[in-house]
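File shown: run_17.tsv. Contents: TSV, C-alpha atoms and all ligand atoms.
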```
chain	number	residue	atom	x	y	z
A	1	MET	CA	2.60	20.56	11.60
A	2	GLY	CA	3.85	21.30	15.14
A	3	GLU	CA	0.63	20.25	16.82
A	4	PHE	CA	0.31	17.09	14.77
A	5	THR	CA	3.87	16.03	15.39
A	6	LYS	CA	3.43	16.44	19.11
A	7	MET	CA	0.27	14.37	19.08
A	8	TYR	CA	2.09	11.48	17.46
A	9	ALA	CA	5.10	11.81	19.65
A	10	VAL	CA	2.71	11.04	22.49
A	11	SER	CA	0.29	8.52	21.01
A	12	ASN	CA	2.39	6.40	18.68
A	13	GLY	CA	6.01	7.43	18.92
A	14	LEU	CA	5.71	7.87	15.18
A	15	ASP	CA	5.76	11.27	13.54
A	16	PHE	CA	6.49	12.96	10.25
A	17	GLU	CA	10.16	13.29	11.18
A	18	GLU	CA	10.33	9.50	11.00
A	19	VAL	CA	9.08	9.78	7.38
A	20	GLU	CA	11.77	12.37	6.66
A	21	ARG	CA	14.41	10.06	8.12
A	22	ALA	CA	13.07	7.23	5.96
A	23	GLU	CA	13.35	9.45	2.91
A	24	GLN	CA	17.03	10.06	3.67
A	25	ARG	CA	17.67	6.31	3.97
A	26	LEU	CA	15.85	5.65	0.68
A	27	LYS	CA	17.75	8.30	-1.31
A	28	GLY	CA	19.42	6.70	-4.29
A	29	VAL	CA	17.96	3.33	-3.29
A	30	ALA	CA	14.22	3.57	-4.03
A	31	HIS	CA	13.02	5.09	-7.28
A	32	ARG	CA	11.46	8.53	-7.10
A	33	THR	CA	8.41	7.41	-9.06
A	34	PRO	CA	6.70	9.70	-11.54
A	35	VAL	CA	3.48	11.62	-10.94
A	36	LEU	CA	1.38	11.22	-14.09
A	37	GLN	CA	-1.81	12.83	-15.31
A	38	SER	CA	-4.32	11.92	-17.98
A	39	SER	CA	-5.67	14.97	-19.75
A	40	THR	CA	-8.56	12.87	-21.03
A	41	LEU	CA	-9.57	11.85	-17.51
A	42	ASN	CA	-9.08	15.38	-16.18
A	43	ALA	CA	-11.37	16.71	-18.90
A	44	TRP	CA	-14.02	14.05	-18.20
A	45	LEU	CA	-13.96	14.62	-14.47
A	46	GLY	CA	-13.41	18.37	-14.54
A	47	ALA	CA	-10.70	17.80	-11.92
A	48	GLU	CA	-6.93	17.67	-11.71
A	49	VAL	CA	-5.95	14.10	-10.83
A	50	PHE	CA	-2.34	13.33	-9.94
A	51	PHE	CA	-1.38	9.65	-10.07
A	52	LYS	CA	1.62	8.71	-7.91
A	53	CYS	CA	2.85	5.73	-9.89
A	54	GLU	CA	4.34	3.21	-7.47
A	55	ASN	CA	3.78	0.51	-10.05
A	56	PHE	CA	7.16	1.79	-11.31
A	57	GLN	CA	8.79	1.31	-7.89
A	58	ARG	CA	11.46	-1.34	-7.36
A	59	VAL	CA	9.87	-4.79	-7.01
A	60	GLY	CA	6.77	-3.29	-8.67
A	61	ALA	CA	5.10	-1.77	-5.59
A	62	PHE	CA	5.54	0.87	-2.88
A	63	LYS	CA	6.31	-1.89	-0.36
A	64	PHE	CA	10.01	-1.68	-1.15
A	65	ARG	CA	10.05	1.68	0.66
A	66	GLY	CA	8.84	0.33	3.98
A	67	GLY	CA	10.78	-2.92	3.70
A	68	TYR	CA	14.06	-1.15	3.08
A	69	ASN	CA	13.50	1.41	5.82
A	70	ALA	CA	12.54	-1.24	8.37
A	71	VAL	CA	15.79	-3.14	7.73
A	72	ALA	CA	17.88	0.05	7.66
A	73	ARG	CA	16.70	1.05	11.15
A	74	LEU	CA	17.94	-2.15	12.80
A	75	THR	CA	20.90	-2.22	15.15
A	76	PRO	CA	24.05	-4.06	14.01
A	77	GLU	CA	23.16	-6.94	16.39
A	78	GLN	CA	19.67	-7.25	14.94
A	79	ARG	CA	21.04	-7.22	11.41
A	80	ALA	CA	23.55	-9.92	12.24
A	81	ARG	CA	20.76	-12.18	13.52
A	82	GLY	CA	18.56	-11.73	10.45
A	83	VAL	CA	14.92	-10.73	9.97
A	84	ILE	CA	11.65	-12.59	9.54
A	85	THR	CA	8.24	-11.47	8.26
A	86	TYR	CA	5.14	-12.99	6.70
A	87	SER	CA	3.53	-12.09	3.40
A	88	SER	CA	1.64	-13.67	0.56
A	89	GLY	CA	2.55	-11.05	-1.94
A	90	ASN	CA	4.52	-7.91	-2.62
A	91	MET	CA	5.92	-7.52	0.89
A	92	ALA	CA	7.78	-10.83	0.63
A	93	GLN	CA	9.79	-9.65	-2.34
A	94	ALA	CA	10.26	-6.16	-0.92
A	95	VAL	CA	11.74	-7.37	2.37
A	96	ALA	CA	13.81	-10.05	0.63
A	97	LEU	CA	15.42	-7.54	-1.75
A	98	ALA	CA	15.80	-4.85	0.93
A	99	ALA	CA	17.52	-7.32	3.25
A	100	ARG	CA	19.85	-8.63	0.57
A	101	MET	CA	20.88	-5.09	-0.41
A	102	GLN	CA	21.85	-4.47	3.20
A	103	GLY	CA	23.60	-7.79	3.77
A	104	VAL	CA	20.93	-9.13	6.10
A	105	HIS	CA	19.44	-12.62	5.89
A	106	ALA	CA	15.66	-12.74	5.51
A	107	THR	CA	13.19	-15.51	6.29
A	108	ILE	CA	9.74	-15.08	4.75
A	109	VAL	CA	6.71	-17.03	5.92
A	110	MET	CA	4.49	-17.56	2.86
A	111	PRO	CA	1.29	-19.51	2.24
A	112	ALA	CA	1.98	-22.85	0.55
A	113	ASP	CA	-0.45	-21.87	-2.23
A	114	ALA	CA	1.19	-18.49	-2.98
A	115	PRO	CA	1.80	-17.93	-6.71
A	116	GLN	CA	4.90	-19.80	-7.86
A	117	ALA	CA	6.25	-16.64	-9.48
A	118	LYS	CA	6.15	-14.77	-6.17
A	119	LYS	CA	7.87	-17.62	-4.32
A	120	ALA	CA	10.54	-17.87	-7.00
A	121	ALA	CA	11.18	-14.12	-6.99
A	122	THR	CA	11.48	-14.10	-3.19
A	123	GLN	CA	13.89	-17.02	-3.26
A	124	GLY	CA	15.78	-15.33	-6.07
A	125	TYR	CA	16.55	-12.48	-3.68
A	126	GLY	CA	18.23	-14.98	-1.39
A	127	ALA	CA	15.50	-15.29	1.24
A	128	THR	CA	14.60	-18.52	3.03
A	129	ILE	CA	10.93	-19.36	2.56
A	130	VAL	CA	8.91	-21.13	5.22
A	131	GLU	CA	5.52	-22.31	4.00
A	132	TYR	CA	2.31	-22.45	6.01
A	133	ASP	CA	-1.19	-23.72	5.39
A	134	ARG	CA	-3.68	-20.85	5.01
A	135	GLN	CA	-6.51	-22.98	6.37
A	136	LEU	CA	-4.72	-24.55	9.32
A	137	ASP	CA	-1.93	-22.29	10.54
A	138	ASP	CA	-1.95	-18.94	12.28
A	139	ARG	CA	0.81	-17.17	10.39
A	140	ASP	CA	1.32	-14.52	13.04
A	141	SER	CA	2.01	-16.97	15.86
A	142	LEU	CA	4.02	-19.25	13.57
A	143	THR	CA	6.23	-16.30	12.58
A	144	ARG	CA	6.66	-15.17	16.20
A	145	GLN	CA	7.56	-18.72	17.23
A	146	LEU	CA	10.22	-19.01	14.49
A	147	ALA	CA	11.57	-15.59	15.45
A	148	ALA	CA	11.91	-16.66	19.08
A	149	GLU	CA	13.47	-20.05	18.25
A	150	GLN	CA	15.98	-18.69	15.76
A	151	GLY	CA	16.65	-15.29	17.34
A	152	LEU	CA	15.37	-13.43	14.27
A	153	TYR	CA	14.07	-9.87	14.32
A	154	PHE	CA	10.34	-9.91	13.49
A	155	ILE	CA	9.19	-7.13	11.17
A	156	PRO	CA	5.38	-7.00	11.50
A	157	PRO	CA	4.30	-6.31	7.91
A	158	PHE	CA	1.76	-3.61	8.81
A	159	GLY	CA	2.43	-2.48	12.36
A	160	ASP	CA	6.18	-1.84	12.21
A	161	GLU	CA	7.06	1.84	12.57
A	162	GLY	CA	9.85	1.56	10.02
A	163	ILE	CA	7.42	0.08	7.51
A	164	ILE	CA	4.82	2.82	8.07
A	165	ALA	CA	7.37	5.64	7.91
A	166	GLY	CA	8.89	4.17	4.74
A	167	GLN	CA	5.49	3.87	3.05
A	168	GLY	CA	4.83	7.51	3.99
A	169	THR	CA	7.64	8.66	1.70
A	170	ALA	CA	5.50	8.01	-1.40
A	171	ALA	CA	2.89	10.60	-0.34
A	172	LYS	CA	5.67	12.94	0.79
A	173	GLU	CA	7.17	12.85	-2.70
A	174	LEU	CA	3.74	13.48	-4.20
A	175	PHE	CA	3.16	16.61	-2.09
A	176	ASP	CA	6.75	17.76	-2.68
A	177	ASP	CA	6.20	17.43	-6.44
A	178	VAL	CA	2.71	18.90	-6.88
A	179	GLY	CA	2.08	20.98	-3.76
A	180	THR	CA	-1.01	20.83	-1.59
A	181	LEU	CA	-4.06	18.79	-2.62
A	182	ASP	CA	-7.78	18.91	-1.81
A	183	GLN	CA	-8.15	15.14	-1.58
A	184	LEU	CA	-5.93	12.06	-1.53
A	185	TYR	CA	-7.09	8.46	-2.18
A	186	VAL	CA	-5.03	5.56	-0.80
A	187	PRO	CA	-5.66	1.78	-0.90
A	188	ILE	CA	-5.84	-0.21	2.36
A	189	GLY	CA	-4.58	-3.70	3.07
A	190	GLY	CA	-2.98	-3.82	6.51
A	191	GLY	CA	-3.05	-0.02	6.55
A	192	GLY	CA	0.68	0.76	6.37
A	193	LEU	CA	0.50	2.84	3.21
A	194	LEU	CA	-2.52	4.81	4.43
A	195	SER	CA	-0.96	5.41	7.87
A	196	GLY	CA	2.26	6.71	6.34
A	197	SER	CA	0.33	8.81	3.84
A	198	LEU	CA	-1.67	10.38	6.70
A	199	LEU	CA	1.57	11.38	8.45
A	200	SER	CA	2.79	13.09	5.27
A	201	ALA	CA	-0.56	14.69	4.42
A	202	LYS	CA	-1.02	16.20	7.88
A	203	ALA	CA	2.45	17.72	7.73
A	204	LEU	CA	2.58	18.89	4.13
A	205	SER	CA	-1.05	19.53	3.16
A	206	PRO	CA	-3.02	19.77	6.42
A	207	ALA	CA	-6.32	20.70	4.77
A	208	CYS	CA	-6.20	17.69	2.42
A	209	GLN	CA	-9.00	15.18	2.95
A	210	VAL	CA	-7.55	11.67	2.93
A	211	PHE	CA	-9.71	8.69	1.95
A	212	GLY	CA	-8.82	5.04	2.47
A	213	VAL	CA	-10.13	2.62	-0.16
A	214	GLU	CA	-11.01	-1.05	0.29
A	215	PRO	CA	-12.59	-3.76	-1.85
A	216	GLU	CA	-16.34	-3.90	-1.21
A	217	LEU	CA	-16.15	-7.49	0.05
A	218	GLY	CA	-13.10	-6.82	2.23
A	219	ASN	CA	-14.15	-3.71	4.14
A	220	ASP	CA	-12.72	-4.60	7.55
A	221	ALA	CA	-11.10	-1.17	7.98
A	222	GLN	CA	-14.34	0.60	7.10
A	223	GLN	CA	-16.18	-1.52	9.68
A	224	SER	CA	-13.43	-0.83	12.22
A	225	LEU	CA	-13.74	2.92	11.64
A	226	ARG	CA	-17.53	2.82	11.97
A	227	GLN	CA	-17.48	0.69	15.13
A	228	GLY	CA	-14.49	2.36	16.75
A	229	GLN	CA	-12.78	-0.96	17.34
A	230	LEU	CA	-10.59	-3.34	15.39
A	231	VAL	CA	-12.84	-5.60	13.29
A	232	ARG	CA	-11.48	-8.86	11.88
A	233	ILE	CA	-13.16	-10.55	8.89
A	234	ALA	CA	-12.72	-13.84	7.02
A	235	THR	CA	-10.24	-13.67	4.13
A	236	PRO	CA	-12.19	-11.64	1.55
A	237	GLN	CA	-12.90	-12.83	-1.98
A	238	THR	CA	-11.60	-10.13	-4.31
A	239	ILE	CA	-9.20	-9.77	-7.21
A	240	ALA	CA	-7.40	-7.10	-5.14
A	241	ASP	CA	-5.04	-9.65	-3.56
A	242	GLY	CA	-2.93	-6.96	-1.86
A	243	ALA	CA	-6.02	-5.96	0.12
A	244	GLN	CA	-7.08	-9.47	1.14
A	245	THR	CA	-6.08	-8.75	4.71
A	246	GLN	CA	-8.40	-9.71	7.54
A	247	SER	CA	-7.75	-6.70	9.74
A	248	LEU	CA	-5.61	-3.64	10.40
A	249	SER	CA	-2.89	-3.80	13.05
A	250	THR	CA	-3.36	-1.94	16.35
A	251	THR	CA	-0.87	0.71	15.24
A	252	THR	CA	-2.43	1.34	11.83
A	253	PHE	CA	-5.94	1.23	13.35
A	254	ASN	CA	-5.00	4.01	15.77
A	255	ILE	CA	-3.34	6.24	13.18
A	256	ILE	CA	-6.11	5.72	10.64
A	257	THR	CA	-9.12	6.17	12.91
A	258	GLN	CA	-7.64	9.32	14.42
A	259	ASN	CA	-6.81	10.96	11.11
A	260	VAL	CA	-8.61	9.58	8.06
A	261	THR	CA	-11.48	11.56	6.49
A	262	ASP	CA	-13.40	8.41	5.58
A	263	ILE	CA	-13.01	4.89	4.19
A	264	VAL	CA	-14.85	4.04	0.99
A	265	THR	CA	-15.18	0.85	-1.06
A	266	VAL	CA	-15.23	-0.18	-4.73
A	267	ASN	CA	-16.16	-3.51	-6.31
A	268	ASP	CA	-14.09	-5.83	-8.48
A	269	GLN	CA	-15.74	-4.71	-11.73
A	270	GLN	CA	-14.74	-1.11	-11.01
A	271	LEU	CA	-11.16	-2.33	-10.49
A	272	LEU	CA	-11.23	-4.16	-13.82
A	273	ASN	CA	-12.53	-1.06	-15.60
A	274	MET	CA	-9.79	1.06	-14.06
A	275	LEU	CA	-7.14	-1.53	-14.94
A	276	ARG	CA	-8.26	-1.36	-18.56
A	277	PHE	CA	-8.24	2.45	-18.49
A	278	PHE	CA	-4.65	2.51	-17.19
A	279	ALA	CA	-3.53	0.10	-19.89
A	280	GLU	CA	-5.34	1.72	-22.80
A	281	ARG	CA	-5.12	5.38	-21.90
A	282	MET	CA	-2.00	5.69	-19.78
A	283	LYS	CA	-0.05	2.79	-21.27
A	284	MET	CA	0.74	1.22	-17.94
A	285	VAL	CA	0.18	-2.07	-16.15
A	286	VAL	CA	-1.48	-1.69	-12.76
A	287	GLU	CA	-2.49	-4.67	-10.62
A	288	PRO	CA	-6.09	-4.77	-9.28
A	289	THR	CA	-5.08	-3.63	-5.78
A	290	GLY	CA	-3.22	-0.75	-7.41
A	291	CYS	CA	-6.50	0.33	-9.05
A	292	LEU	CA	-8.45	0.74	-5.77
A	293	ALA	CA	-7.69	4.42	-5.14
A	294	ALA	CA	-8.20	5.49	-8.74
A	295	ALA	CA	-11.53	3.64	-8.97
A	296	ALA	CA	-12.70	5.41	-5.80
A	297	ALA	CA	-11.74	8.82	-7.19
A	298	VAL	CA	-13.68	8.11	-10.41
A	299	GLN	CA	-16.63	6.88	-8.35
A	300	ALA	CA	-16.53	10.20	-6.45
A	301	ALA	CA	-16.73	12.16	-9.73
A	302	GLU	CA	-19.38	14.54	-8.35
A	303	GLN	CA	-17.36	15.40	-5.25
A	304	ILE	CA	-14.00	15.88	-6.93
A	305	ARG	CA	-15.12	18.30	-9.66
A	306	GLY	CA	-12.91	21.38	-9.63
A	307	LYS	CA	-10.53	19.80	-7.12
A	308	ARG	CA	-6.88	18.81	-7.02
A	309	VAL	CA	-6.84	15.11	-6.23
A	310	GLY	CA	-3.97	12.72	-5.46
A	311	VAL	CA	-4.28	9.00	-6.22
A	312	MET	CA	-1.88	6.31	-5.01
A	313	VAL	CA	-1.29	3.79	-7.78
A	314	SER	CA	0.26	1.30	-5.41
A	315	GLY	CA	1.61	-1.51	-7.58
A	316	GLY	CA	1.84	-3.24	-10.94
A	317	ASN	CA	2.66	-6.88	-10.30
A	318	LEU	CA	0.62	-8.98	-12.71
A	319	ASP	CA	1.69	-11.87	-14.87
A	320	SER	CA	0.71	-11.77	-18.52
A	321	VAL	CA	-1.97	-14.46	-18.18
A	322	GLN	CA	-3.75	-12.49	-15.45
A	323	LEU	CA	-3.30	-9.26	-17.37
A	324	CYS	CA	-4.96	-10.67	-20.50
A	325	LYS	CA	-7.82	-12.12	-18.49
A	326	TYR	CA	-8.46	-8.87	-16.62
A	327	LEU	CA	-8.21	-6.70	-19.74
A	328	ALA	CA	-10.87	-8.83	-21.41
A	329	LEU	CA	-13.19	-8.34	-18.43
A	330	GLY	CA	-12.73	-4.58	-18.07
A	331	GLN	CA	-15.33	-2.20	-19.46
A	332	ALA	CA	-15.02	1.42	-20.49
A	333	LEU	CA	-15.26	3.78	-17.52
A	334	GLN	CA	-18.69	5.33	-17.07
A	335	CYS	CA	-17.33	8.80	-17.65
A	336	GLN	CA	-15.63	7.51	-20.76
A	337	PRO	CA	-17.49	7.98	-24.06
A	338	ASP	CA	-17.59	4.81	-26.17
A	339	THR	CA	-15.75	6.52	-28.95
A	340	VAL	CA	-13.10	9.12	-28.46
B	1	LIG	C1	0.25	-4.26	0.08
B	1	LIG	C2	-0.40	-3.52	-0.98
B	1	LIG	C3	-1.42	-2.59	-0.71
B	1	LIG	C4	-1.95	-2.37	0.69
B	1	LIG	O1	-0.97	-1.72	1.49
B	1	LIG	P1	-1.00	-1.82	3.07
B	1	LIG	O2	0.18	-1.04	3.53
B	1	LIG	O3	-0.93	-3.27	3.44
B	1	LIG	O4	-2.29	-1.22	3.51
B	1	LIG	C5	-1.95	-1.88	-1.75
B	1	LIG	N1	-1.53	-2.07	-3.03
B	1	LIG	C6	-0.56	-2.95	-3.33
B	1	LIG	C7	-0.15	-3.09	-4.75
B	1	LIG	C8	0.04	-3.71	-2.32
B	1	LIG	O5	1.00	-4.59	-2.64
```

Rewrite the structure of this file - the entire thing - as structure tokens.
Ligand SMILES: *Cc1c(COP(=O)(O)O)cnc(C)c1O
Amino acid sequence: MGEFTKMYAVSNGLDFEEVERAEQRLKGVAHRTPVLQSSTLNAWLGAEVFFKCENFQRVGAFKFRGGYNAVARLTPEQRARGVITYSSGNMAQAVALAARMQGVHATIVMPADAPQAKKAATQGYGATIVEYDRQLDDRDSLTRQLAAEQGLYFIPPFGDEGIIAGQGTAAKELFDDVGTLDQLYVPIGGGGLLSGSLLSAKALSPACQVFGVEPELGNDAQQSLRQGQLVRIATPQTIADGAQTQSLSTTTFNIITQNVTDIVTVNDQQLLNMLRFFAERMKMVVEPTGCLAAAAAVQAAEQIRGKRVGVMVSGGNLDSVQLCKYLALGQALQCQPDTV
């Protein structure tokens, strides 16, 4: 751990101690989510798979961890001025709730066509919503401009150190609960969850191979890793809406490319099959993006045999109409006999 910590102290100013500090701030605030196993799946795969179930986190996704930590690290002056960030999905609600809990006003820049339920939930937490046009506006510059005009503190949704350290507490809890692992699978959107998980894995289970997982049609991080530079793609078409990001941030790109074992992809049908498995076998609702890591572990069945494998189940935000539609489209997993 010593060597790793030093490396980060130099290259990113972000180390595992920042994750430990985040964990202290989140005590009694974030849920310590359960680590679940499916004996059926373990038997099929001949592996021990540990699911870290962040679908049971506050606001339905791990993002509450980073959002709360980012707000908690601000100075009293920054808090008094208020915060701003942009998000189309789970981060909006996470920052809105985290800010309200800490008496800080939040402004969230959201696409005008974001689901009504997500806008309503964000507003319900007391945040001010500013809408932008996905086709016409550059949300990053719009957010920075509003921040400058109104004196708000900008929390970059993927590059902020407080966000990354907060997201890293989920993997820390997993290692604290189950001990070292052979492999860990983590979904990638902007790369905050994977970056934080890498910090925790290197410190607590240094031999663990860590894999990032992207939708097949949205593999910007995989391309970035292969090319050694930040690749930006058009907004990908996938049901994994939490991974519809166009690129990593510079910070997450650096942490990921320096530390990840590899980045793999799965397609939408594999996500649907996994979603159905979670519902039928494990009695839980997991959104498509939350199925990425599990689908990759199942896809790697040959490589994980005999291994101890961690899987980040990152979120469970789905309305009932979407849930019904997706359940109808999911097929039995390939390792899953038709009749059990
Ligand atoms: C945001 C999100 C992700 C991706 O996390 P990043 O930190 O952006 O890489 C994965 N799953 C869910 C459910 C999310 O909401």

message: At a cut-off of 9 Å around ligand LIG 1 (chain B), and using all atoms listed in the file, what residues come up? Please write them as an NGL selection string.
response: :A and (54-55 or 60-63 or 66 or 89-91 or 157-158 or 163-164 or 167 or 186-196 or 240-245 or 248 or 252 or 286-292 or 312-317)

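Between A:Gly166 and the candidates A:Gly82, A:Gly330, A:Gly13, A:Gly67, the tightest atom-to-atom separation, counting all atoms listed in the file, involves A:Gly67.
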
query: Which polymer residues have any atom within 9 Å of an atom of A:Gln299, counting all atoms listed in the file, with same-chain residues fewer than 5 positions away left out, as a PyMOL selection string?
result: chain A and resi 266+270+294

task: Considering all atoms listed in the file, return as a list in words whatever protein or nucleic-acid residues lie within 10 Å of A:Ile129, sequence-local ones (same chain, fewer than 4 positions apart) excluded.
output: Ile84, Tyr86, Ala92, Ala96, Ala106, Thr107, Ile108, Val109, Met110, Pro111, Ala112, Lys119, Ala120, Thr122 and Gln123 of chain A

message: Using Å and a single decimal, report how far atom CA of A:Met282 sits from atom CA of A:Ala43.
response: 14.5 Å

N, CA, C and O atoms modelled onto stretch 286-298 of chain A, as a PDB file, keeping the file's coordinate frame:
```
ATOM      1  N   VAL A 286      -1.198  -1.886 -14.184  1.00  0.00           N
ATOM      2  CA  VAL A 286      -1.480  -1.690 -12.760  1.00  0.00           C
ATOM      3  C   VAL A 286      -2.237  -2.916 -12.266  1.00  0.00           C
ATOM      4  O   VAL A 286      -3.183  -3.368 -12.914  1.00  0.00           O
ATOM      5  N   GLU A 287      -1.797  -3.494 -11.154  1.00  0.00           N
ATOM      6  CA  GLU A 287      -2.490  -4.670 -10.620  1.00  0.00           C
ATOM      7  C   GLU A 287      -3.813  -4.233  -9.992  1.00  0.00           C
ATOM      8  O   GLU A 287      -3.994  -3.050  -9.668  1.00  0.00           O
ATOM      9  N   PRO A 288      -4.768  -5.167  -9.804  1.00  0.00           N
ATOM     10  CA  PRO A 288      -6.090  -4.770  -9.280  1.00  0.00           C
ATOM     11  C   PRO A 288      -6.022  -3.958  -7.990  1.00  0.00           C
ATOM     12  O   PRO A 288      -6.703  -2.941  -7.862  1.00  0.00           O
ATOM     13  N   THR A 289      -5.180  -4.384  -7.040  1.00  0.00           N
ATOM     14  CA  THR A 289      -5.080  -3.630  -5.780  1.00  0.00           C
ATOM     15  C   THR A 289      -4.597  -2.202  -6.049  1.00  0.00           C
ATOM     16  O   THR A 289      -5.007  -1.263  -5.369  1.00  0.00           O
ATOM     17  N   GLY A 290      -3.747  -2.064  -7.050  1.00  0.00           N
ATOM     18  CA  GLY A 290      -3.220  -0.750  -7.410  1.00  0.00           C
ATOM     19  C   GLY A 290      -4.275   0.157  -8.033  1.00  0.00           C
ATOM     20  O   GLY A 290      -4.062   1.368  -8.182  1.00  0.00           O
ATOM     21  N   CYS A 291      -5.415  -0.440  -8.423  1.00  0.00           N
ATOM     22  CA  CYS A 291      -6.500   0.330  -9.050  1.00  0.00           C
ATOM     23  C   CYS A 291      -7.524   0.837  -8.032  1.00  0.00           C
ATOM     24  O   CYS A 291      -8.410   1.621  -8.384  1.00  0.00           O
ATOM     25  N   LEU A 292      -7.429   0.392  -6.770  1.00  0.00           N
ATOM     26  CA  LEU A 292      -8.450   0.740  -5.770  1.00  0.00           C
ATOM     27  C   LEU A 292      -8.660   2.242  -5.651  1.00  0.00           C
ATOM     28  O   LEU A 292      -9.792   2.748  -5.740  1.00  0.00           O
ATOM     29  N   ALA A 293      -7.572   2.980  -5.416  1.00  0.00           N
ATOM     30  CA  ALA A 293      -7.690   4.420  -5.140  1.00  0.00           C
ATOM     31  C   ALA A 293      -8.234   5.171  -6.343  1.00  0.00           C
ATOM     32  O   ALA A 293      -9.101   6.046  -6.212  1.00  0.00           O
ATOM     33  N   ALA A 294      -7.752   4.805  -7.528  1.00  0.00           N
ATOM     34  CA  ALA A 294      -8.200   5.490  -8.740  1.00  0.00           C
ATOM     35  C   ALA A 294      -9.690   5.229  -8.979  1.00  0.00           C
ATOM     36  O   ALA A 294     -10.452   6.140  -9.333  1.00  0.00           O
ATOM     37  N   ALA A 295     -10.124   3.970  -8.763  1.00  0.00           N
ATOM     38  CA  ALA A 295     -11.530   3.640  -8.970  1.00  0.00           C
ATOM     39  C   ALA A 295     -12.416   4.430  -7.999  1.00  0.00           C
ATOM     40  O   ALA A 295     -13.514   4.866  -8.356  1.00  0.00           O
ATOM     41  N   ALA A 296     -11.920   4.641  -6.785  1.00  0.00           N
ATOM     42  CA  ALA A 296     -12.700   5.410  -5.800  1.00  0.00           C
ATOM     43  C   ALA A 296     -12.794   6.879  -6.211  1.00  0.00           C
ATOM     44  O   ALA A 296     -13.833   7.515  -6.036  1.00  0.00           O
ATOM     45  N   ALA A 297     -11.708   7.420  -6.758  1.00  0.00           N
ATOM     46  CA  ALA A 297     -11.740   8.820  -7.190  1.00  0.00           C
ATOM     47  C   ALA A 297     -12.729   8.993  -8.338  1.00  0.00           C
ATOM     48  O   ALA A 297     -13.498   9.966  -8.377  1.00  0.00           O
ATOM     49  N   VAL A 298     -12.736   8.043  -9.276  1.00  0.00           N
ATOM     50  CA  VAL A 298     -13.680   8.110 -10.410  1.00  0.00           C
ATOM     51  C   VAL A 298     -15.115   7.976  -9.902  1.00  0.00           C
ATOM     52  O   VAL A 298     -16.021   8.694 -10.334  1.00  0.00           O
TER      53      VAL A 298
END
```
